Every structure is written in C-alpha cells, then in structure tokens.
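Okay, work31.csv is below, CSV, C-alpha atoms and all ligand atoms:
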chain,number,residue,atom,x,y,z
A,1357,MET,CA,0.0,0.0,0.0
A,1358,ALA,CA,1.4,3.4,-1.0
A,1359,ASN,CA,2.1,6.1,1.5
A,1360,VAL,CA,-0.5,8.7,0.6
A,1361,ILE,CA,0.2,12.3,1.7
A,1362,LYS,CA,-2.5,14.8,1.1
A,1363,VAL,CA,-1.2,18.4,1.3
A,1364,THR,CA,-3.9,20.8,2.5
A,1365,HIS,CA,-2.2,24.1,1.5
A,1366,GLU,CA,-1.4,24.3,-2.2
A,1367,GLU,CA,1.8,26.2,-1.6
A,1368,ASP,CA,3.2,23.4,0.5
A,1369,PHE,CA,2.8,20.8,-2.3
A,1370,HIS,CA,6.0,21.6,-4.2
A,1371,LYS,CA,7.9,22.2,-1.0
A,1372,VAL,CA,7.0,18.8,0.4
A,1373,ALA,CA,8.0,17.2,-3.0
A,1374,ALA,CA,11.3,19.2,-3.1
A,1375,HIS,CA,12.1,18.2,0.5
A,1376,ILE,CA,11.8,14.5,-0.4
A,1377,VAL,CA,14.1,14.9,-3.4
A,1378,ALA,CA,16.6,17.3,-1.7
A,1379,SER,CA,16.9,15.1,1.4
A,1380,LEU,CA,17.9,12.1,-0.7
A,1381,VAL,CA,20.5,14.1,-2.6
A,1382,GLN,CA,21.8,15.7,0.6
A,1383,THR,CA,22.4,12.2,2.2
A,1384,SER,CA,23.4,10.5,-1.1
A,1385,PRO,CA,25.2,13.1,-3.3
A,1386,ARG,CA,25.7,10.4,-6.0
A,1387,ALA,CA,21.9,9.7,-6.1
A,1388,VAL,CA,20.4,8.6,-9.5
A,1389,LEU,CA,17.2,10.4,-10.1
A,1390,GLY,CA,14.4,9.4,-12.5
A,1391,LEU,CA,12.7,12.6,-13.7
A,1392,ALA,CA,9.4,13.4,-15.2
A,1393,THR,CA,8.0,16.3,-17.3
A,1394,GLY,CA,4.5,17.8,-17.6
A,1395,GLY,CA,3.0,20.6,-15.6
A,1396,THR,CA,2.9,18.9,-12.3
A,1397,PRO,CA,6.7,18.7,-11.4
A,1398,VAL,CA,7.4,22.3,-12.5
A,1399,GLY,CA,6.9,23.5,-9.0
A,1400,LEU,CA,9.1,20.8,-7.6
A,1401,TYR,CA,11.9,21.8,-9.9
A,1402,ARG,CA,11.5,25.5,-9.0
A,1403,GLU,CA,11.8,24.6,-5.3
A,1404,LEU,CA,14.9,22.5,-6.0
A,1405,ILE,CA,16.5,25.4,-7.8
A,1406,GLN,CA,15.8,27.6,-4.8
A,1407,ILE,CA,17.2,25.1,-2.3
A,1408,HIS,CA,20.3,24.7,-4.5
A,1409,LYS,CA,20.7,28.5,-4.7
A,1410,GLN,CA,20.6,28.7,-1.0
A,1411,GLY,CA,23.6,26.5,-0.9
A,1412,LEU,CA,21.8,23.6,0.7
A,1413,VAL,CA,22.1,20.9,-2.0
A,1414,SER,CA,24.5,20.1,-4.8
A,1415,PHE,CA,23.7,18.0,-7.8
A,1416,ALA,CA,27.3,17.9,-9.0
A,1417,LYS,CA,27.5,14.2,-8.7
A,1418,VAL,CA,23.8,13.3,-9.4
A,1419,LYS,CA,22.8,11.4,-12.5
A,1420,SER,CA,19.4,11.6,-14.0
A,1421,TYR,CA,17.3,9.6,-16.4
A,1422,ASN,CA,14.1,11.1,-17.9
A,1423,LEU,CA,11.1,9.0,-18.5
A,1424,ASP,CA,10.3,9.9,-22.1
A,1425,GLU,CA,10.6,12.1,-25.2
A,1426,TYR,CA,8.6,12.8,-28.3
A,1427,ALA,CA,9.7,11.0,-31.4
A,1428,GLY,CA,10.8,13.1,-34.3
A,1429,LEU,CA,10.8,16.4,-32.5
A,1430,PRO,CA,14.0,18.4,-32.8
A,1431,THR,CA,15.8,18.5,-29.4
A,1432,GLU,CA,15.8,22.3,-29.4
A,1433,HIS,CA,12.0,22.4,-30.1
A,1434,PRO,CA,10.4,24.4,-27.2
A,1435,ALA,CA,8.1,21.5,-26.4
A,1436,SER,CA,10.8,18.7,-26.4
A,1437,TYR,CA,11.3,17.1,-23.0
A,1438,ARG,CA,15.1,17.8,-23.3
A,1439,THR,CA,14.3,21.5,-23.6
A,1440,PHE,CA,11.8,21.3,-20.8
A,1441,MET,CA,14.3,19.7,-18.4
A,1442,ASN,CA,17.1,22.2,-19.4
A,1443,GLU,CA,14.8,25.2,-18.9
A,1444,HIS,CA,13.0,24.1,-15.8
A,1445,LEU,CA,15.9,22.5,-13.9
A,1446,PHE,CA,19.2,21.6,-15.4
A,1447,ASN,CA,20.3,25.1,-16.5
A,1448,HIS,CA,19.8,26.4,-13.0
A,1449,ILE,CA,21.6,23.9,-10.9
A,1450,ASP,CA,25.1,22.5,-10.8
A,1451,ILE,CA,24.3,19.1,-12.4
A,1452,ASN,CA,26.7,18.0,-15.1
A,1453,LEU,CA,24.6,18.0,-18.3
A,1454,GLU,CA,26.6,14.9,-19.4
A,1455,ASN,CA,25.1,13.1,-16.5
A,1456,THR,CA,21.5,13.9,-17.6
A,1457,HIS,CA,19.8,11.5,-19.9
A,1458,VAL,CA,16.7,12.0,-22.0
A,1459,PRO,CA,15.8,9.5,-24.8
A,1460,ASP,CA,16.9,10.8,-28.2
A,1461,GLY,CA,13.6,11.2,-30.0
A,1462,GLN,CA,15.5,12.3,-33.2
A,1463,ALA,CA,17.4,9.1,-33.5
A,1464,THR,CA,17.1,7.7,-37.0
A,1465,ASP,CA,16.7,4.2,-35.6
A,1466,LEU,CA,14.3,4.6,-32.7
A,1467,ASP,CA,14.3,1.0,-31.7
A,1468,ALA,CA,18.1,1.1,-31.4
A,1469,GLU,CA,17.8,4.2,-29.3
A,1470,CYS,CA,15.4,2.3,-27.0
A,1471,ARG,CA,17.9,-0.5,-26.6
A,1472,LEU,CA,20.7,2.0,-25.9
A,1473,TYR,CA,18.6,3.7,-23.2
A,1474,ASP,CA,17.9,0.3,-21.6
A,1475,GLU,CA,21.6,-0.5,-21.6
A,1476,MET,CA,22.3,2.7,-19.8
A,1477,LEU,CA,19.4,2.0,-17.3
A,1478,SER,CA,20.7,-1.5,-16.7
A,1479,GLU,CA,24.0,0.0,-15.4
A,1480,ALA,CA,22.2,2.5,-13.1
A,1481,VAL,CA,19.8,1.8,-10.3
A,1482,ILE,CA,17.3,4.7,-10.0
A,1483,ASP,CA,17.2,5.7,-6.3
A,1484,LEU,CA,14.1,7.9,-6.7
A,1485,GLN,CA,11.7,8.0,-9.6
A,1486,VAL,CA,9.5,11.1,-9.9
A,1487,LEU,CA,6.3,10.4,-11.7
A,1488,GLY,CA,3.1,12.2,-12.8
A,1489,ILE,CA,0.0,10.6,-14.0
A,1490,GLY,CA,-2.0,11.1,-17.2
A,1491,HIS,CA,-5.8,11.4,-17.1
A,1492,ASN,CA,-6.0,7.8,-18.4
A,1493,GLY,CA,-3.6,6.5,-15.8
A,1494,HIS,CA,-0.5,6.6,-18.0
A,1495,ILE,CA,2.9,6.8,-16.4
A,1496,GLY,CA,5.7,8.2,-18.6
A,1497,PHE,CA,4.0,7.5,-21.9
A,1498,ASN,CA,2.9,4.0,-21.0
A,1499,GLU,CA,-0.6,4.2,-22.2
A,1500,PRO,CA,-3.4,1.9,-21.1
A,1501,ALA,CA,-3.4,-1.3,-23.1
A,1502,ASP,CA,-4.1,-5.1,-22.9
A,1503,SER,CA,-0.4,-5.6,-22.2
A,1504,LEU,CA,2.4,-3.3,-21.2
A,1505,ASN,CA,6.0,-3.4,-22.4
A,1506,PRO,CA,8.5,-3.5,-19.5
A,1507,ALA,CA,11.4,-2.1,-21.5
A,1508,THR,CA,12.0,1.3,-23.2
A,1509,HIS,CA,10.0,1.3,-26.3
A,1510,VAL,CA,8.3,3.4,-29.0
A,1511,VAL,CA,4.7,4.1,-28.3
A,1512,THR,CA,1.9,5.6,-30.4
A,1513,LEU,CA,0.2,8.2,-28.3
A,1514,LEU,CA,-3.5,8.0,-27.7
A,1515,GLU,CA,-5.6,10.9,-29.0
A,1516,GLN,CA,-6.5,11.8,-25.5
A,1517,THR,CA,-2.8,12.2,-24.6
A,1518,ARG,CA,-2.1,14.3,-27.6
A,1519,GLU,CA,-5.1,16.5,-26.7
A,1520,ALA,CA,-3.9,16.9,-23.2
A,1521,ASN,CA,-0.4,17.9,-24.3
A,1522,SER,CA,-1.5,20.1,-27.2
A,1523,ARG,CA,-1.2,23.1,-24.8
A,1524,TYR,CA,2.5,23.0,-25.3
A,1525,PHE,CA,2.2,23.0,-29.1
A,1526,GLY,CA,0.3,25.2,-31.6
A,1527,SER,CA,-2.5,22.6,-32.0
A,1528,VAL,CA,-3.1,19.0,-31.5
A,1529,ASP,CA,-2.0,18.3,-35.0
A,1530,ASP,CA,1.5,19.5,-34.1
A,1531,VAL,CA,1.8,17.0,-31.2
A,1532,PRO,CA,4.0,14.1,-32.4
A,1533,ALA,CA,2.1,10.9,-33.0
A,1534,GLN,CA,4.8,8.8,-31.3
A,1535,ALA,CA,7.2,8.9,-28.3
A,1536,ILE,CA,9.9,6.9,-26.7
A,1537,THR,CA,9.1,5.9,-23.1
A,1538,MET,CA,10.8,4.1,-20.4
A,1539,GLY,CA,8.8,0.9,-19.7
A,1540,VAL,CA,7.0,-0.1,-16.6
A,1541,GLY,CA,9.7,-2.6,-15.8
A,1542,SER,CA,12.3,0.1,-15.5
A,1543,ILE,CA,10.0,2.3,-13.5
A,1544,MET,CA,9.2,-0.5,-11.1
A,1545,LYS,CA,12.9,-1.2,-10.5
A,1546,ALA,CA,13.4,2.2,-8.9
A,1547,ARG,CA,14.2,2.0,-5.2
A,1548,GLN,CA,11.7,4.7,-4.4
A,1549,ILE,CA,8.8,6.3,-6.3
A,1550,LEU,CA,7.3,9.7,-5.8
A,1551,LEU,CA,4.1,10.1,-7.6
A,1552,LEU,CA,2.9,13.7,-7.8
A,1553,VAL,CA,-0.8,14.5,-8.5
A,1554,ARG,CA,-2.5,17.8,-8.6
A,1555,GLY,CA,-6.0,19.1,-9.5
A,1556,ALA,CA,-9.6,18.0,-9.4
A,1557,ASP,CA,-9.3,16.5,-12.9
A,1558,LYS,CA,-6.9,13.8,-11.6
A,1559,ALA,CA,-9.0,12.9,-8.4
A,1560,GLU,CA,-10.7,9.9,-10.0
A,1561,ILE,CA,-7.8,8.4,-11.8
A,1562,ILE,CA,-5.5,8.6,-8.9
A,1563,HIS,CA,-8.1,7.1,-6.6
A,1564,ARG,CA,-8.6,4.3,-9.1
A,1565,ALA,CA,-4.8,3.8,-9.5
A,1566,VAL,CA,-4.2,3.5,-5.7
A,1567,THR,CA,-7.3,1.7,-4.6
A,1568,GLY,CA,-8.7,0.0,-7.7
A,1569,PRO,CA,-7.7,-3.3,-9.4
A,1570,ILE,CA,-4.2,-3.7,-10.6
A,1571,THR,CA,-4.6,-3.6,-14.4
A,1572,THR,CA,-2.7,-2.7,-17.5
A,1573,GLN,CA,-5.7,-0.6,-18.4
A,1574,CYS,CA,-4.5,1.8,-15.7
A,1575,PRO,CA,-0.7,1.6,-15.8
A,1576,ALA,CA,-0.3,3.6,-12.6
A,1577,SER,CA,-2.2,0.9,-10.8
A,1578,LEU,CA,0.9,-1.4,-11.2
A,1579,LEU,CA,2.6,0.9,-8.6
A,1580,GLN,CA,0.5,-0.9,-6.0
A,1581,LEU,CA,3.0,-3.8,-6.5
A,1582,HIS,CA,6.0,-1.5,-5.5
A,1583,SER,CA,7.1,-1.5,-1.9
A,1584,ASN,CA,8.2,2.1,-1.6
A,1585,VAL,CA,5.8,4.5,-3.2
A,1586,THR,CA,4.8,7.9,-1.9
A,1587,VAL,CA,1.8,9.5,-3.5
A,1588,LEU,CA,1.7,13.3,-3.0
A,1589,LEU,CA,-1.7,14.8,-3.6
A,1590,ASP,CA,-3.0,18.3,-3.4
A,1591,ALA,CA,-6.4,18.9,-1.8
A,1592,GLU,CA,-8.3,18.6,-5.1
A,1593,ALA,CA,-6.6,15.5,-6.4
A,1594,GLY,CA,-7.0,13.9,-2.9
A,1595,ARG,CA,-10.7,14.6,-2.8
A,1596,LEU,CA,-11.7,10.9,-2.8
A,1597,PHE,CA,-9.1,9.9,-0.1
A,1598,GLN,CA,-10.2,10.2,3.5
B,1,LIG,C1,2.8,13.6,-20.1
B,1,LIG,C2,4.1,13.0,-19.6
B,1,LIG,C3,3.8,12.2,-18.3
B,1,LIG,C4,3.1,13.2,-17.3
B,1,LIG,C5,1.7,13.5,-17.9
B,1,LIG,C6,0.9,14.3,-17.0
B,1,LIG,O1,2.0,12.7,-20.8
B,1,LIG,N1,4.6,12.0,-20.5
B,1,LIG,O2,5.1,11.9,-17.7
B,1,LIG,O3,2.9,12.5,-16.1
B,1,LIG,O4,2.0,14.2,-19.1
B,1,LIG,O5,1.2,15.7,-17.2
B,1,LIG,P1,0.7,16.9,-16.3
B,1,LIG,O6,1.5,16.9,-15.1
B,1,LIG,O7,1.0,18.1,-17.2
B,1,LIG,O8,-0.7,16.6,-16.1

Since I need it in another form, could you write the structure as structure tokens?
Amino acid sequence: MANVIKVTHEEDFHKVAAHIVASLVQTSPRAVLGLATGGTPVGLYRELIQIHKQGLVSFAKVKSYNLDEYAGLPTEHPASYRTFMNEHLFNHIDINLENTHVPDGQATDLDAECRLYDEMLSEAVIDLQVLGIGHNGHIGFNEPADSLNPATHVVTLLEQTREANSRYFGSVDDVPAQAITMGVGSIMKARQILLLVRGADKAEIIHRAVTGPITTQCPASLLQLHSNVTVLLDAEAGRLFQ
C-alpha cells in the first residue's frame, strides 16, 4: 500500500516534494534520479533550484534519467522534453549535463535508441523516480493497453494524450504521434517512487490507481506492487481519499 500524503495548502505541495528529493541528494550526493516532465513537477523543480541557490544541496554528482521524449521532435523544439528539463531544472543547478539522460527522439533508428537507453538504465539503479499521472492512468508515456512493455519502447500516443499535451504545441496536429518511453519494468525497478498528482481532474484516476484493481488498463495501478511509493496529492486531487 502506498504512502499517501494529502497536502492541504497548495503552496506546500511543491515544498514537500522538493524536500523528499533534496533530502535524498543531501544524504546520497551520487543519487540517481528518474525525472518526469509535464505541468505537475514544474513547482518541484522550481523549489529544488531555490534550495540549490541557498547552498543547501548540490547536484554535481547526481545522474538523471528522464522517462520519455517525443519522437521526431527536434531536441531544441520548445516542447521537447530535453528543452523542458534544461529550462525548468538543469540550466539552473550544478548538475553536469553529461550526467543527464533523456531518450533521443530524433534518433534515425528509434528501436536502437530504446535498446541503448535500456543498456544505460541497466547500469544504473534509480534511487528515486519522480512520476506524474495522465488522465487515463498513464505513467511516462505507458498508455493503457491489454499488455504493457516492461522495457524502453516506441509508443503511439492516444488521441486523449495528444489533446492533453496540445497546450505545449500550436495545435493537437502539431503534437507528435509517437514517443519513446521508459517501460513499466524500469519504473518498477526504482528503489523509491514519488508520484505527484494535482488538480480535481486527476482525483478519480489517482483514486482508481491507488485503490482499484491492478490492471494494464490503468498503468499507474501497477505501482500498487511496488514496496516504496509515496503519492503526494493536493487537496483537489486527494478529494476521494479520506
Ligand atoms: C505527459 C508525460 C507524463 C506526465 C503526464 C501528465 O504525458 N509524458 O510523464 O505525467 O503528461 O502531465 P501533467 O503533469 O501536465 O498533467
């Protein structure tokens, strides 16, 4: 059963998340972080930058692996996840960019890129994996399906996911049709998982993921099988939890 923390005051949400990540890096300076994109972790990254600027934490020896990246989108595109990570976190802390990993969505051979990413992941144990959740229960870009791929793979995004992410693009037609995502096997191998969920629109799916049946139709529900998961909810996302 996950450790569910419901944060009453909205402004504390990001601070609590940042405290969990920063404490790990303070005690384990060589920590390996699994990082996520999307709107939800932006505040966490903002807080981490602040804690770093206060001189309280260094990321100089940290390694990071991101969950996913759009296929075919130039790395320098404003909506690429590499750009997102550089702008929201990496450019503002002392992490060595060479120690940060985001799948290369521009690789000519995407399957080869997936194998390469998995080889890198097999040499590193992720100490803490930060996750968000999609409205359909996806984690990374592991969409609901009859079966899930445990390894890094190319995925065709569901229309619903492209709609949800169209806010970062001109229109839904500009959202790439495919992405590379870390598989659920790699996510589940992380020592600790921090699942961040905000907003009333996520209340039902997070309740289903944490308390409902474990099913590939809700990929986040697989996290019920992990022994060290913290689910951080704001008041609205936590509406259905006592
Ligand atoms: C994208 C990302 C996911 C993220 C999800 C939710 O699909 N690939 O990793 O969890 O969006 O994003 P948001 O936090 O913006 O709701």

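Going from CA of Asn1584 (chain A) over to CA of Val1360 (chain A), you cover 11.1 Å.
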
- Message: Which residues are near Thr1586 (chain A)? Cut-off 7 Å, only C-alpha atoms, ignore same chain within fewer than 4 positions. Put them as a PyMOL selection string.
- Response: chain A and resi 1358-1360+1549-1551

- Message: Considering all atoms listed in the file, can you say which of A:Thr1572, A:Gln1548, A:Gln1534, A:Asn1455 comes closest to Pro1506 (chain A)?
- Response: A:Thr1572

- Message: Neighbouring residues of Ala1520 (chain A) were defined as those with any atom within 12 Å, considering all atoms listed in the file; residues of the same chain fewer than 4 positions away were excluded. Please report them as number ranges by chain.
- Response: A: 1394-1395, 1489-1492, 1513-1516, 1524-1525, 1527-1528, 1531, 1557

For the selection just defined, write its residues with C-alpha atoms to a file, as a PDB file, in the frame of the given file.
ATOM      1  CA  GLY A1394       4.500  17.800 -17.600  1.00  0.00           C
ATOM      2  CA  GLY A1395       3.000  20.600 -15.600  1.00  0.00           C
ATOM      3  CA  ILE A1489       0.000  10.600 -14.000  1.00  0.00           C
ATOM      4  CA  GLY A1490      -2.000  11.100 -17.200  1.00  0.00           C
ATOM      5  CA  HIS A1491      -5.800  11.400 -17.100  1.00  0.00           C
ATOM      6  CA  ASN A1492      -6.000   7.800 -18.400  1.00  0.00           C
ATOM      7  CA  LEU A1513       0.200   8.200 -28.300  1.00  0.00           C
ATOM      8  CA  LEU A1514      -3.500   8.000 -27.700  1.00  0.00           C
ATOM      9  CA  GLU A1515      -5.600  10.900 -29.000  1.00  0.00           C
ATOM     10  CA  GLN A1516      -6.500  11.800 -25.500  1.00  0.00           C
ATOM     11  CA  TYR A1524       2.500  23.000 -25.300  1.00  0.00           C
ATOM     12  CA  PHE A1525       2.200  23.000 -29.100  1.00  0.00           C
ATOM     13  CA  SER A1527      -2.500  22.600 -32.000  1.00  0.00           C
ATOM     14  CA  VAL A1528      -3.100  19.000 -31.500  1.00  0.00           C
ATOM     15  CA  VAL A1531       1.800  17.000 -31.200  1.00  0.00           C
ATOM     16  CA  ASP A1557      -9.300  16.500 -12.900  1.00  0.00           C
TER      17      ASP A1557
END

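Between CA of Asn1442 (chain A) and CA of Gly1526 (chain A) the interatomic distance comes to 21.0 Å.
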
- Which residues come within 9 Å of Ala1565 (chain A), counting all atoms listed in the file, excluding same-chain residues fewer than 3 positions away, as number ranges by chain? A: 1493, 1560-1562, 1568-1571, 1574-1580

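Shortest separation to ligand LIG 1 (chain B) among A:Leu1466, A:Ala1535, A:Ala1427, A:Ile1482 occurs at residue A:Ala1535, atoms counted being all atoms listed in the file.
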
Expected selection as a PDB file with C-alpha atoms, in the frame of the given file for ligand LIG 1 (chain B) within 7 Å, all atoms listed in the file:
ATOM      1  CA  ALA A1392       9.400  13.400 -15.200  1.00  0.00           C
ATOM      2  CA  THR A1393       8.000  16.300 -17.300  1.00  0.00           C
ATOM      3  CA  GLY A1394       4.500  17.800 -17.600  1.00  0.00           C
ATOM      4  CA  GLY A1395       3.000  20.600 -15.600  1.00  0.00           C
ATOM      5  CA  THR A1396       2.900  18.900 -12.300  1.00  0.00           C
ATOM      6  CA  PRO A1397       6.700  18.700 -11.400  1.00  0.00           C
ATOM      7  CA  LEU A1423      11.100   9.000 -18.500  1.00  0.00           C
ATOM      8  CA  ASP A1424      10.300   9.900 -22.100  1.00  0.00           C
ATOM      9  CA  LEU A1487       6.300  10.400 -11.700  1.00  0.00           C
ATOM     10  CA  GLY A1488       3.100  12.200 -12.800  1.00  0.00           C
ATOM     11  CA  ILE A1489       0.000  10.600 -14.000  1.00  0.00           C
ATOM     12  CA  GLY A1490      -2.000  11.100 -17.200  1.00  0.00           C
ATOM     13  CA  ILE A1495       2.900   6.800 -16.400  1.00  0.00           C
ATOM     14  CA  GLY A1496       5.700   8.200 -18.600  1.00  0.00           C
ATOM     15  CA  PHE A1497       4.000   7.500 -21.900  1.00  0.00           C
ATOM     16  CA  THR A1517      -2.800  12.200 -24.600  1.00  0.00           C
ATOM     17  CA  ASN A1521      -0.400  17.900 -24.300  1.00  0.00           C
TER      18      ASN A1521
END

- Message: As an exercise, work out the distance from CA of Lys1419 (chain A) to CA of Val1381 (chain A) in Å and give it to one decimal place.
- Response: 10.5 Å

- Message: Counting only C-alpha atoms, which residue out of A:Leu1504, A:Val1413, A:Val1372, A:Leu1429 sits closest to Asp1460 (chain A)?
- Response: A:Leu1429

- Do you know which residues are at most 7 Å from Ile1361 (chain A) counting only C-alpha atoms, after dropping those on the same chain fewer than 4 positions away, and could you put them as a VMD selection string? chain A and resid 1587 to 1589

- Query: Which of these, A:Cys1470, A:Leu1445, A:Val1363, A:Leu1477, has the shortest distance to His1509 (chain A) once you count all atoms listed in the file?
  - Reply: A:Cys1470

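Residues lying within 6 Å of His1370 (chain A), counting only C-alpha atoms and ignoring same-chain neighbours fewer than 2 positions away, are Asp1368, Val1372, Ala1373, Ala1374, Gly1399 and Leu1400 of chain A.
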
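With distances restricted to all atoms listed in the file, A:Ser1420 is the closest residue to Phe1446 (chain A) from A:Asp1530, A:Ser1420, A:Arg1523, A:Asp1474.
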
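Taking all atoms listed in the file into account, Lys1409 (chain A) lies nearest to A:His1448 out of the set A:Arg1595, A:His1457, A:His1494, A:His1448.
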
At the level of C-alpha atoms, write region 1455-1524 of chain A to a file as a short mmCIF file (atom, residue, chain, number, x, y, z; two decimals), in the first residue's frame, please.
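Written file, result.cif:
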data_model
loop_
_atom_site.label_atom_id
_atom_site.label_comp_id
_atom_site.auth_asym_id
_atom_site.auth_seq_id
_atom_site.Cartn_x
_atom_site.Cartn_y
_atom_site.Cartn_z
CA ASN A 1455 25.05 13.10 -16.46
CA THR A 1456 21.51 13.92 -17.56
CA HIS A 1457 19.78 11.49 -19.90
CA VAL A 1458 16.67 11.99 -21.99
CA PRO A 1459 15.83 9.50 -24.76
CA ASP A 1460 16.86 10.83 -28.17
CA GLY A 1461 13.58 11.24 -30.03
CA GLN A 1462 15.46 12.31 -33.15
CA ALA A 1463 17.43 9.09 -33.49
CA THR A 1464 17.14 7.67 -37.01
CA ASP A 1465 16.68 4.20 -35.55
CA LEU A 1466 14.27 4.64 -32.66
CA ASP A 1467 14.31 0.95 -31.68
CA ALA A 1468 18.11 1.07 -31.44
CA GLU A 1469 17.79 4.20 -29.27
CA CYS A 1470 15.41 2.32 -26.97
CA ARG A 1471 17.92 -0.53 -26.60
CA LEU A 1472 20.68 1.98 -25.89
CA TYR A 1473 18.58 3.69 -23.22
CA ASP A 1474 17.86 0.34 -21.59
CA GLU A 1475 21.57 -0.53 -21.60
CA MET A 1476 22.27 2.72 -19.76
CA LEU A 1477 19.43 2.04 -17.34
CA SER A 1478 20.70 -1.48 -16.66
CA GLU A 1479 23.97 0.02 -15.41
CA ALA A 1480 22.23 2.46 -13.06
CA VAL A 1481 19.80 1.82 -10.27
CA ILE A 1482 17.33 4.68 -9.98
CA ASP A 1483 17.19 5.73 -6.34
CA LEU A 1484 14.14 7.93 -6.69
CA GLN A 1485 11.73 8.03 -9.60
CA VAL A 1486 9.53 11.12 -9.89
CA LEU A 1487 6.26 10.43 -11.70
CA GLY A 1488 3.14 12.24 -12.77
CA ILE A 1489 -0.03 10.57 -13.99
CA GLY A 1490 -2.03 11.09 -17.17
CA HIS A 1491 -5.82 11.40 -17.07
CA ASN A 1492 -6.05 7.85 -18.39
CA GLY A 1493 -3.63 6.48 -15.78
CA HIS A 1494 -0.53 6.56 -17.96
CA ILE A 1495 2.90 6.85 -16.38
CA GLY A 1496 5.70 8.16 -18.56
CA PHE A 1497 4.04 7.51 -21.90
CA ASN A 1498 2.93 3.97 -20.98
CA GLU A 1499 -0.63 4.18 -22.24
CA PRO A 1500 -3.45 1.87 -21.07
CA ALA A 1501 -3.42 -1.32 -23.13
CA ASP A 1502 -4.10 -5.06 -22.94
CA SER A 1503 -0.43 -5.60 -22.23
CA LEU A 1504 2.44 -3.34 -21.23
CA ASN A 1505 6.04 -3.38 -22.41
CA PRO A 1506 8.46 -3.53 -19.48
CA ALA A 1507 11.38 -2.06 -21.47
CA THR A 1508 12.01 1.27 -23.16
CA HIS A 1509 9.96 1.33 -26.34
CA VAL A 1510 8.32 3.42 -29.02
CA VAL A 1511 4.69 4.14 -28.28
CA THR A 1512 1.88 5.56 -30.39
CA LEU A 1513 0.22 8.23 -28.30
CA LEU A 1514 -3.51 8.03 -27.70
CA GLU A 1515 -5.57 10.91 -29.04
CA GLN A 1516 -6.53 11.85 -25.49
CA THR A 1517 -2.85 12.21 -24.55
CA ARG A 1518 -2.10 14.31 -27.63
CA GLU A 1519 -5.08 16.54 -26.74
CA ALA A 1520 -3.86 16.93 -23.16
CA ASN A 1521 -0.36 17.85 -24.32
CA SER A 1522 -1.50 20.12 -27.17
CA ARG A 1523 -1.22 23.08 -24.80
CA TYR A 1524 2.55 22.95 -25.34
#
